[in-house]
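S.K.: The structure is given below, and queries will be raised subsequently.
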Amino acid sequence: MIRLENVYKSYSGSTGPWVLEDLSLGIGAREMVFLLGASGAGKSTLLKLVTLEERPTKGKIKVHHFDSSLVKERQVPELRRRCGVVYQDFRLIRDKTVQENVAYVLKMTGILDPDVIRNESHRVLDLVGLYAKRHQFPTTLSGGEQQRCAIARALVHQPSIVLADEPTGNLDPAMGAEIFEILRRVNVAGATVLVATHDQDLARRFADRIVVLEQGKLRREETPRARRSVELGELGPVR
């Protein structure tokens with residue numbers, strides 16, 4: 001699904017300094033993988049490489065059948081349509097309602113049928129527990145509700161890969177656990193989920209695998225001894 005092969009990334013040229021250094025990593029379909037590491041370890045850069053928002057300085061990345069060393073610029077939008085991205089700072093459009101924020105993604109991918117847009121928007125808003133607030137504006141929502149809206153927006157086009165960059169960084173621990181619960185449900189439903197976070201406790205609670213980065217290098221991988229299971233029958237709305 002996702003493979004990094006001897007990846008180096010620098011923003012200063014071909015000789016470094018390296019944000020990521022000689023990084024090789026494979027992430028399988030339907031895995032839920034957490035990236036742990038201090039600020040500056042390279043977690044966010046790694047996520048940007050997956051969507052080819054950034055290109056590796058050396059090495060290559062394969063996502064589905066896309067190869068960073070071969071893919072043409074006109075093919076990048078197709079790759080990005082297979083991904084959903086959740087950010088720490090939500091990035092919601094303030095003058096659009098919750099439903100309009102979610103629908104905007106569908107319109108950008110070329111879906112214009114109003115019935116499809118309404119039905120798909122309602123589906124994901126129900127999943128994250130925001131259906132009742134679909135006509136409200138982001139500024140009227142709590143931080144946790146805004147992050148739920150951001151997750152709904154990332155999911156509405158049914159991506160096969162979901163990337164989350166510090167999705168609980170601005171939330172209290174209880175709300176953070178709720179956000180990861182939603183991402184786990186998305187994973188159980190079939191998506192590959194890759195999360196960058198500082199929260200070691202929640203990572204060990206929800207991850208299939210933990211990848212620890214230190215100064216751009218892969219220091220170790222962990223497989224949590226146990227994780228909470230979410231049954232497919234529980235994939236209803238989160239309240």
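Identifiers in this document derive from the order of the structure tokens: chains are assigned A, B, ..., residues are numbered from 1 separately in each chain, and ligands are numbered from 1 in order of occurrence.
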Identify, on the basis of only C-alpha atoms, every residue whose closest approach to Val211 (chain A) does not exceed 12 Å; exclude the query and any residue fewer than 2 positions from it along the same chain; express the result as a ChimeraX atom specification.

M.R.: /A:23-27,32-37,41-43,46,194-198,200,203-204,207-209,213-214,216-224

S.K.: Taking C-alpha atoms for each residue, export the selection above as an mmCIF file, in the first residue's frame.

M.R.:
```
data_model
loop_
_atom_site.group_PDB
_atom_site.id
_atom_site.type_symbol
_atom_site.label_atom_id
_atom_site.label_comp_id
_atom_site.auth_asym_id
_atom_site.auth_seq_id
_atom_site.Cartn_x
_atom_site.Cartn_y
_atom_site.Cartn_z
ATOM 1 C CA LEU A 23 14.179 5.881 5.815
ATOM 2 C CA SER A 24 12.711 2.575 4.653
ATOM 3 C CA LEU A 25 9.222 1.662 5.791
ATOM 4 C CA GLY A 26 6.309 -0.417 4.563
ATOM 5 C CA ILE A 27 2.664 0.036 5.561
ATOM 6 C CA MET A 32 -3.375 1.475 11.536
ATOM 7 C CA VAL A 33 0.130 2.820 12.075
ATOM 8 C CA PHE A 34 1.161 5.580 14.470
ATOM 9 C CA LEU A 35 4.257 7.743 13.982
ATOM 10 C CA LEU A 36 5.797 8.835 17.272
ATOM 11 C CA GLY A 37 8.629 11.286 17.808
ATOM 12 C CA ALA A 41 11.533 14.195 14.053
ATOM 13 C CA GLY A 42 10.098 14.218 10.508
ATOM 14 C CA LYS A 43 6.555 12.944 11.124
ATOM 15 C CA LEU A 46 6.645 11.822 6.022
ATOM 16 C CA LEU A 194 -1.391 6.628 9.311
ATOM 17 C CA VAL A 195 -1.314 8.972 12.314
ATOM 18 C CA ALA A 196 1.435 11.327 13.493
ATOM 19 C CA THR A 197 1.107 12.025 17.212
ATOM 20 C CA HIS A 198 2.960 12.790 20.435
ATOM 21 C CA GLN A 200 2.229 7.515 23.344
ATOM 22 C CA ALA A 203 -0.920 5.225 20.246
ATOM 23 C CA ARG A 204 -0.398 2.042 22.227
ATOM 24 C CA ALA A 207 -2.199 1.145 16.931
ATOM 25 C CA ASP A 208 -1.496 -2.028 14.993
ATOM 26 C CA ARG A 209 2.093 -0.817 14.816
ATOM 27 C CA LEU A 213 11.271 8.556 14.480
ATOM 28 C CA GLU A 214 14.225 10.428 15.934
ATOM 29 C CA GLY A 216 14.622 11.930 10.735
ATOM 30 C CA LYS A 217 15.671 8.325 11.289
ATOM 31 C CA LEU A 218 13.627 5.249 12.077
ATOM 32 C CA ARG A 219 14.746 4.289 15.580
ATOM 33 C CA ARG A 220 12.437 1.376 16.283
ATOM 34 C CA GLU A 221 9.082 -0.222 15.601
ATOM 35 C CA GLU A 222 6.689 -1.586 18.197
ATOM 36 C CA THR A 223 3.678 -3.854 18.036
ATOM 37 C CA PRO A 224 1.408 -3.062 20.982
#
```

S.K.: Do you know which residues are at most 7 Å from region 171-179 of chain A counting only C-alpha atoms, after dropping those on the same chain fewer than 3 positions away, and could you put them as JSON, numbers by chain?

M.R.: {"A": [143, 144, 168, 182, 183, 202]}

S.K.: What would the file look like if the residues just selected were written as a compact mmCIF listing (two decimals), in the first residue's frame with N, CA and C atoms?

M.R.:
```txt
# COMPACT_ATOMS: atom_id res chain seq x y z
N GLY A 143 -13.72 22.55 19.96
CA GLY A 143 -12.55 22.04 19.26
C GLY A 143 -12.72 20.61 18.81
N GLY A 144 -13.29 19.77 19.68
CA GLY A 144 -13.51 18.37 19.31
C GLY A 144 -14.49 18.23 18.17
N THR A 168 -5.07 15.23 17.55
CA THR A 168 -5.56 15.49 18.90
C THR A 168 -4.70 16.52 19.63
N ILE A 182 -12.82 7.19 16.39
CA ILE A 182 -13.41 7.38 15.06
C ILE A 182 -12.44 6.86 13.99
N LEU A 183 -11.16 7.21 14.12
CA LEU A 183 -10.18 6.75 13.14
C LEU A 183 -10.04 5.23 13.15
N LEU A 202 -2.19 6.85 23.87
CA LEU A 202 -3.26 6.57 22.92
C LEU A 202 -2.74 5.77 21.72
```

S.K.: When you draw a straight line from CA of Ser121 (chain A) to CA of Val156 (chain A), how long is it in Å?

M.R.: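 CA of Val156 (chain A) lies 6.4 Å from CA of Ser121 (chain A).
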
S.K.: Residues near region 63-70 of chain A, anyone? I mean within 9 Å using only C-alpha atoms, not counting same-chain ones fewer than 3 positions away, as a ChimeraX atom specification.

M.R.: /A:1-4,49-52,55-56,59-60,75-76,79

S.K.: So which residues touch Ser14 (chain A) within 10 Å, counting only C-alpha atoms, skipping near sequence neighbours fewer than 6 positions away, as a PyMOL selection string?

M.R.: chain A and resi 8+57-58

S.K.: Go ahead and save the residues from that selection, with N, CA and C atoms, as an mmCIF file, in the first residue's frame.

M.R.:
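Below you can see again_14.cif, which holds the result:
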```
data_model
loop_
_atom_site.group_PDB
_atom_site.id
_atom_site.type_symbol
_atom_site.label_atom_id
_atom_site.label_comp_id
_atom_site.auth_asym_id
_atom_site.auth_seq_id
_atom_site.Cartn_x
_atom_site.Cartn_y
_atom_site.Cartn_z
ATOM 1 N N TYR A 8 15.485 10.000 1.589
ATOM 2 C CA TYR A 8 16.114 11.164 2.202
ATOM 3 C C TYR A 8 15.290 12.388 1.812
ATOM 4 N N THR A 57 14.123 13.846 -1.675
ATOM 5 C CA THR A 57 15.371 14.333 -2.283
ATOM 6 C C THR A 57 16.136 13.171 -2.895
ATOM 7 N N LYS A 58 16.140 12.055 -2.192
ATOM 8 C CA LYS A 58 16.715 10.800 -2.700
ATOM 9 C C LYS A 58 15.819 9.655 -2.256
#
```
